[in-house]
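First the structure, in the form of structure tokens, and then the observations on it.
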Amino acid sequence: MTTQNDREVLNSILNPNLPLGEGLFDPEEKVPEDAPRKDDDDEIKDLESQAVKAAEAGDIKKALQLFDKVVSLAPDRPSSYNNRAQAFRLVGRPDSALKDLDKAIQLSEGKGRSGSAALCQRGVLHRKEGRDDDAITDFKAAAAEGSGFAKSMIVEMNPYAAMCNAMLKNVFTAMSDGKNTNQVMEENLKNKTG
């Protein structure tokens with residue numbers, strides 16, 4: 001088990017372009033578990049596990065067939081739509097993925113792990129399509145649920161934070177190379193870039 005401080009230090013190493021403590025990826029993030037559901041029986045969980053394993057093995061066609069079966073057996077289960085959306089993304093079917101993500105968000109009301117994960121996936125798709133305002137809206141909703149990934153995406157998409165991070169990176173690089181940091185800062189401010 002790691003402490004919060006250990007995770008913050010590790011995050012600063014893995015994500016050097018983010019301000020310290022901002023957009024922290026925390027593997028122990030506090031996104032609430034989904035509430036137990038009556039349609040979470042062993043058959044559904046087993047089929048979903050098989051589908052995930054098929055997707056991880058690269059057999060997306062089989063994964064989609066299994067996810068289709070899970071959705072047909074438990075049509076009100078948000079995680080099933082969220083997982084199938086991931087498979088749709090992997091085969092380059094973003095429109096189908098968006099439909100499933102919309103359904104997962106509707107069923108979960110954007111709450112819990114399924115809701116947060118669906119909001120993050122949909123935010124990524126929106127961002128890929130250049131719909132940054134929609135992406136930010138989804139990331140903010142997921143961040144409110146406790147998603148560290150969503151928090152880091154909000155920081156990353158902030159143009160002022162990106163510019164400041166680039167400038168800081170230049171200064172720290174100059175410091176480690178023994179260069180004149182005042183001169184580097186003056187150049188950064190003159191160019192307003194990193």
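Labels used: A, B, ... for chains in the order of the structure tokens, numbers from 1 for residues in each chain, and numbers from 1 for ligands as shown.
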* To do: Tell me, as number ranges by chain, which residues lie within 10 Å of A:Phe88, counting only C-alpha atoms; anything in the same chain fewer than 3 positions away does not count.
  => A: 60-61, 63-64, 82-85, 91-98, 100
* To do: Name all residues at most 7 Å from stretch 50-53 of chain A (count only C-alpha atoms; drop same-chain ones fewer than 4 positions away) and give them as a PyMOL selection string.
  => chain A and resi 46+57+63+66-67
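Residues in contact with A:His126 at 10 Å, where only C-alpha atoms are counted and same-chain residues fewer than 4 positions away are skipped, are listed as A:Pro94, A:Leu98, A:Cys120, A:Gln121, A:Arg122, A:Gly130, A:Arg131, A:Asp132, A:Asp133, A:Asp134, A:Ala135, A:Ile136, A:Asp138.
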Export all heavy atoms of the chosen residues as an mmCIF file, in the first residue's frame?
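Resulting contents of result06.cif:
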data_model
loop_
_atom_site.group_PDB
_atom_site.id
_atom_site.type_symbol
_atom_site.label_atom_id
_atom_site.label_comp_id
_atom_site.auth_asym_id
_atom_site.auth_seq_id
_atom_site.Cartn_x
_atom_site.Cartn_y
_atom_site.Cartn_z
ATOM 1 N N PRO A 94 -16.922 4.399 -33.754
ATOM 2 C CA PRO A 94 -17.208 5.394 -32.712
ATOM 3 C C PRO A 94 -18.681 5.744 -32.574
ATOM 4 O O PRO A 94 -19.138 6.055 -31.469
ATOM 5 C CB PRO A 94 -16.382 6.611 -33.135
ATOM 6 C CG PRO A 94 -16.138 6.436 -34.596
ATOM 7 C CD PRO A 94 -16.099 4.956 -34.835
ATOM 8 N N LEU A 98 -20.570 5.604 -29.097
ATOM 9 C CA LEU A 98 -21.272 6.747 -28.498
ATOM 10 C C LEU A 98 -22.696 6.388 -28.083
ATOM 11 O O LEU A 98 -23.166 6.809 -27.018
ATOM 12 C CB LEU A 98 -21.286 7.933 -29.462
ATOM 13 C CG LEU A 98 -20.010 8.769 -29.500
ATOM 14 C CD1 LEU A 98 -20.056 9.777 -30.642
ATOM 15 C CD2 LEU A 98 -19.773 9.470 -28.175
ATOM 16 N N CYS A 120 -15.907 9.244 -19.087
ATOM 17 C CA CYS A 120 -14.518 9.401 -19.545
ATOM 18 C C CYS A 120 -14.349 8.920 -20.982
ATOM 19 O O CYS A 120 -13.723 9.600 -21.802
ATOM 20 C CB CYS A 120 -13.557 8.649 -18.613
ATOM 21 S SG CYS A 120 -13.298 9.454 -17.026
ATOM 22 N N GLN A 121 -14.925 7.755 -21.292
ATOM 23 C CA GLN A 121 -14.818 7.244 -22.667
ATOM 24 C C GLN A 121 -15.481 8.189 -23.661
ATOM 25 O O GLN A 121 -14.938 8.461 -24.732
ATOM 26 C CB GLN A 121 -15.508 5.878 -22.793
ATOM 27 C CG GLN A 121 -14.671 4.703 -22.388
ATOM 28 C CD GLN A 121 -15.227 3.444 -23.021
ATOM 29 O OE1 GLN A 121 -14.930 3.166 -24.188
ATOM 30 N NE2 GLN A 121 -16.002 2.674 -22.282
ATOM 31 N N ARG A 122 -16.659 8.685 -23.289
ATOM 32 C CA ARG A 122 -17.362 9.591 -24.193
ATOM 33 C C ARG A 122 -16.586 10.901 -24.343
ATOM 34 O O ARG A 122 -16.488 11.447 -25.436
ATOM 35 C CB ARG A 122 -18.784 9.849 -23.693
ATOM 36 C CG ARG A 122 -19.634 10.584 -24.721
ATOM 37 C CD ARG A 122 -21.077 10.658 -24.325
ATOM 38 N NE ARG A 122 -21.268 11.630 -23.240
ATOM 39 C CZ ARG A 122 -22.450 11.939 -22.729
ATOM 40 N NH1 ARG A 122 -23.547 11.344 -23.174
ATOM 41 N NH2 ARG A 122 -22.544 12.818 -21.761
ATOM 42 N N GLY A 130 -12.868 16.564 -31.977
ATOM 43 C CA GLY A 130 -12.699 18.012 -31.917
ATOM 44 C C GLY A 130 -13.811 18.738 -31.187
ATOM 45 O O GLY A 130 -13.942 19.954 -31.293
ATOM 46 N N ARG A 131 -14.612 18.009 -30.448
ATOM 47 C CA ARG A 131 -15.722 18.596 -29.689
ATOM 48 C C ARG A 131 -15.265 18.795 -28.242
ATOM 49 O O ARG A 131 -15.757 18.151 -27.315
ATOM 50 C CB ARG A 131 -16.937 17.689 -29.784
ATOM 51 C CG ARG A 131 -17.453 17.573 -31.218
ATOM 52 C CD ARG A 131 -18.492 16.492 -31.416
ATOM 53 N NE ARG A 131 -19.574 16.587 -30.451
ATOM 54 C CZ ARG A 131 -20.419 15.588 -30.232
ATOM 55 N NH1 ARG A 131 -20.311 14.457 -30.908
ATOM 56 N NH2 ARG A 131 -21.367 15.724 -29.343
ATOM 57 N N ASP A 132 -14.322 19.728 -28.069
ATOM 58 C CA ASP A 132 -13.691 19.916 -26.766
ATOM 59 C C ASP A 132 -14.661 20.389 -25.684
ATOM 60 O O ASP A 132 -14.505 20.000 -24.523
ATOM 61 C CB ASP A 132 -12.506 20.877 -26.870
ATOM 62 C CG ASP A 132 -11.299 20.234 -27.547
ATOM 63 O OD1 ASP A 132 -11.339 19.020 -27.827
ATOM 64 O OD2 ASP A 132 -10.315 20.955 -27.784
ATOM 65 N N ASP A 133 -15.643 21.214 -26.028
ATOM 66 C CA ASP A 133 -16.609 21.675 -25.017
ATOM 67 C C ASP A 133 -17.404 20.493 -24.455
ATOM 68 O O ASP A 133 -17.627 20.408 -23.242
ATOM 69 C CB ASP A 133 -17.553 22.724 -25.598
ATOM 70 C CG ASP A 133 -16.860 24.049 -25.860
ATOM 71 O OD1 ASP A 133 -15.761 24.273 -25.307
ATOM 72 O OD2 ASP A 133 -17.427 24.868 -26.618
ATOM 73 N N ASP A 134 -17.827 19.585 -25.338
ATOM 74 C CA ASP A 134 -18.554 18.394 -24.880
ATOM 75 C C ASP A 134 -17.640 17.491 -24.056
ATOM 76 O O ASP A 134 -18.066 16.907 -23.048
ATOM 77 C CB ASP A 134 -19.114 17.609 -26.073
ATOM 78 C CG ASP A 134 -20.236 18.358 -26.786
ATOM 79 O OD1 ASP A 134 -20.919 19.172 -26.146
ATOM 80 O OD2 ASP A 134 -20.419 18.109 -27.999
ATOM 81 N N ALA A 135 -16.381 17.381 -24.486
ATOM 82 C CA ALA A 135 -15.416 16.558 -23.745
ATOM 83 C C ALA A 135 -15.218 17.105 -22.333
ATOM 84 O O ALA A 135 -15.257 16.345 -21.354
ATOM 85 C CB ALA A 135 -14.085 16.495 -24.492
ATOM 86 N N ILE A 136 -15.014 18.409 -22.231
ATOM 87 C CA ILE A 136 -14.815 19.028 -20.910
ATOM 88 C C ILE A 136 -16.024 18.792 -20.009
ATOM 89 O O ILE A 136 -15.879 18.487 -18.821
ATOM 90 C CB ILE A 136 -14.523 20.544 -21.054
ATOM 91 C CG1 ILE A 136 -13.111 20.777 -21.582
ATOM 92 C CG2 ILE A 136 -14.730 21.284 -19.745
ATOM 93 C CD1 ILE A 136 -12.010 20.538 -20.579
ATOM 94 N N ASP A 138 -18.118 16.269 -20.050
ATOM 95 C CA ASP A 138 -18.079 14.883 -19.576
ATOM 96 C C ASP A 138 -16.970 14.678 -18.547
ATOM 97 O O ASP A 138 -17.170 14.010 -17.523
ATOM 98 C CB ASP A 138 -17.896 13.915 -20.749
ATOM 99 C CG ASP A 138 -19.180 13.710 -21.534
ATOM 100 O OD1 ASP A 138 -20.266 14.082 -21.038
ATOM 101 O OD2 ASP A 138 -19.103 13.156 -22.649
#
* From a DSSP calculation on the backbone, collect every residue of stretch 34-72 of chain A in alpha helix (DSSP H) and output the set as a ChimeraX atom specification. => /A:42-56,60-72
Fewer than 5 positions away in the same chain doesn't count, so skip those; otherwise give me all residues within 10 Å of A:Pro75, counting only C-alpha atoms, as a PDB file with N, CA and C atoms, in the first residue's frame.
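Listing of result.pdb after writing:
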ATOM      1  N   ASP A  39     -29.523  -7.874 -11.647  1.00  0.00           N
ATOM      2  CA  ASP A  39     -29.111  -8.542 -12.883  1.00  0.00           C
ATOM      3  C   ASP A  39     -27.605  -8.820 -12.909  1.00  0.00           C
ATOM      4  N   ASP A  68     -22.827  -8.449 -26.791  1.00  0.00           N
ATOM      5  CA  ASP A  68     -24.206  -8.390 -27.297  1.00  0.00           C
ATOM      6  C   ASP A  68     -25.116  -9.304 -26.469  1.00  0.00           C
ATOM      7  N   LYS A  69     -24.609 -10.486 -26.153  1.00  0.00           N
ATOM      8  CA  LYS A  69     -25.397 -11.435 -25.358  1.00  0.00           C
ATOM      9  C   LYS A  69     -25.627 -10.883 -23.952  1.00  0.00           C
ATOM     10  N   VAL A  70     -24.588 -10.297 -23.359  1.00  0.00           N
ATOM     11  CA  VAL A  70     -24.721  -9.721 -22.015  1.00  0.00           C
ATOM     12  C   VAL A  70     -25.766  -8.613 -22.030  1.00  0.00           C
ATOM     13  N   SER A  80     -22.420  -3.086 -18.877  1.00  0.00           N
ATOM     14  CA  SER A  80     -22.412  -3.886 -20.103  1.00  0.00           C
ATOM     15  C   SER A  80     -22.294  -2.995 -21.335  1.00  0.00           C
ATOM     16  N   TYR A  81     -23.026  -1.884 -21.335  1.00  0.00           N
ATOM     17  CA  TYR A  81     -22.950  -0.942 -22.451  1.00  0.00           C
ATOM     18  C   TYR A  81     -21.580  -0.257 -22.493  1.00  0.00           C
ATOM     19  N   LYS A 103     -26.226   5.362 -23.487  1.00  0.00           N
ATOM     20  CA  LYS A 103     -27.120   4.465 -22.745  1.00  0.00           C
ATOM     21  C   LYS A 103     -26.555   4.158 -21.357  1.00  0.00           C
ATOM     22  N   LEU A 107     -28.468   5.074 -17.929  1.00  0.00           N
ATOM     23  CA  LEU A 107     -28.834   4.059 -16.940  1.00  0.00           C
ATOM     24  C   LEU A 107     -28.164   4.301 -15.583  1.00  0.00           C
TER      25      LEU A 107
END
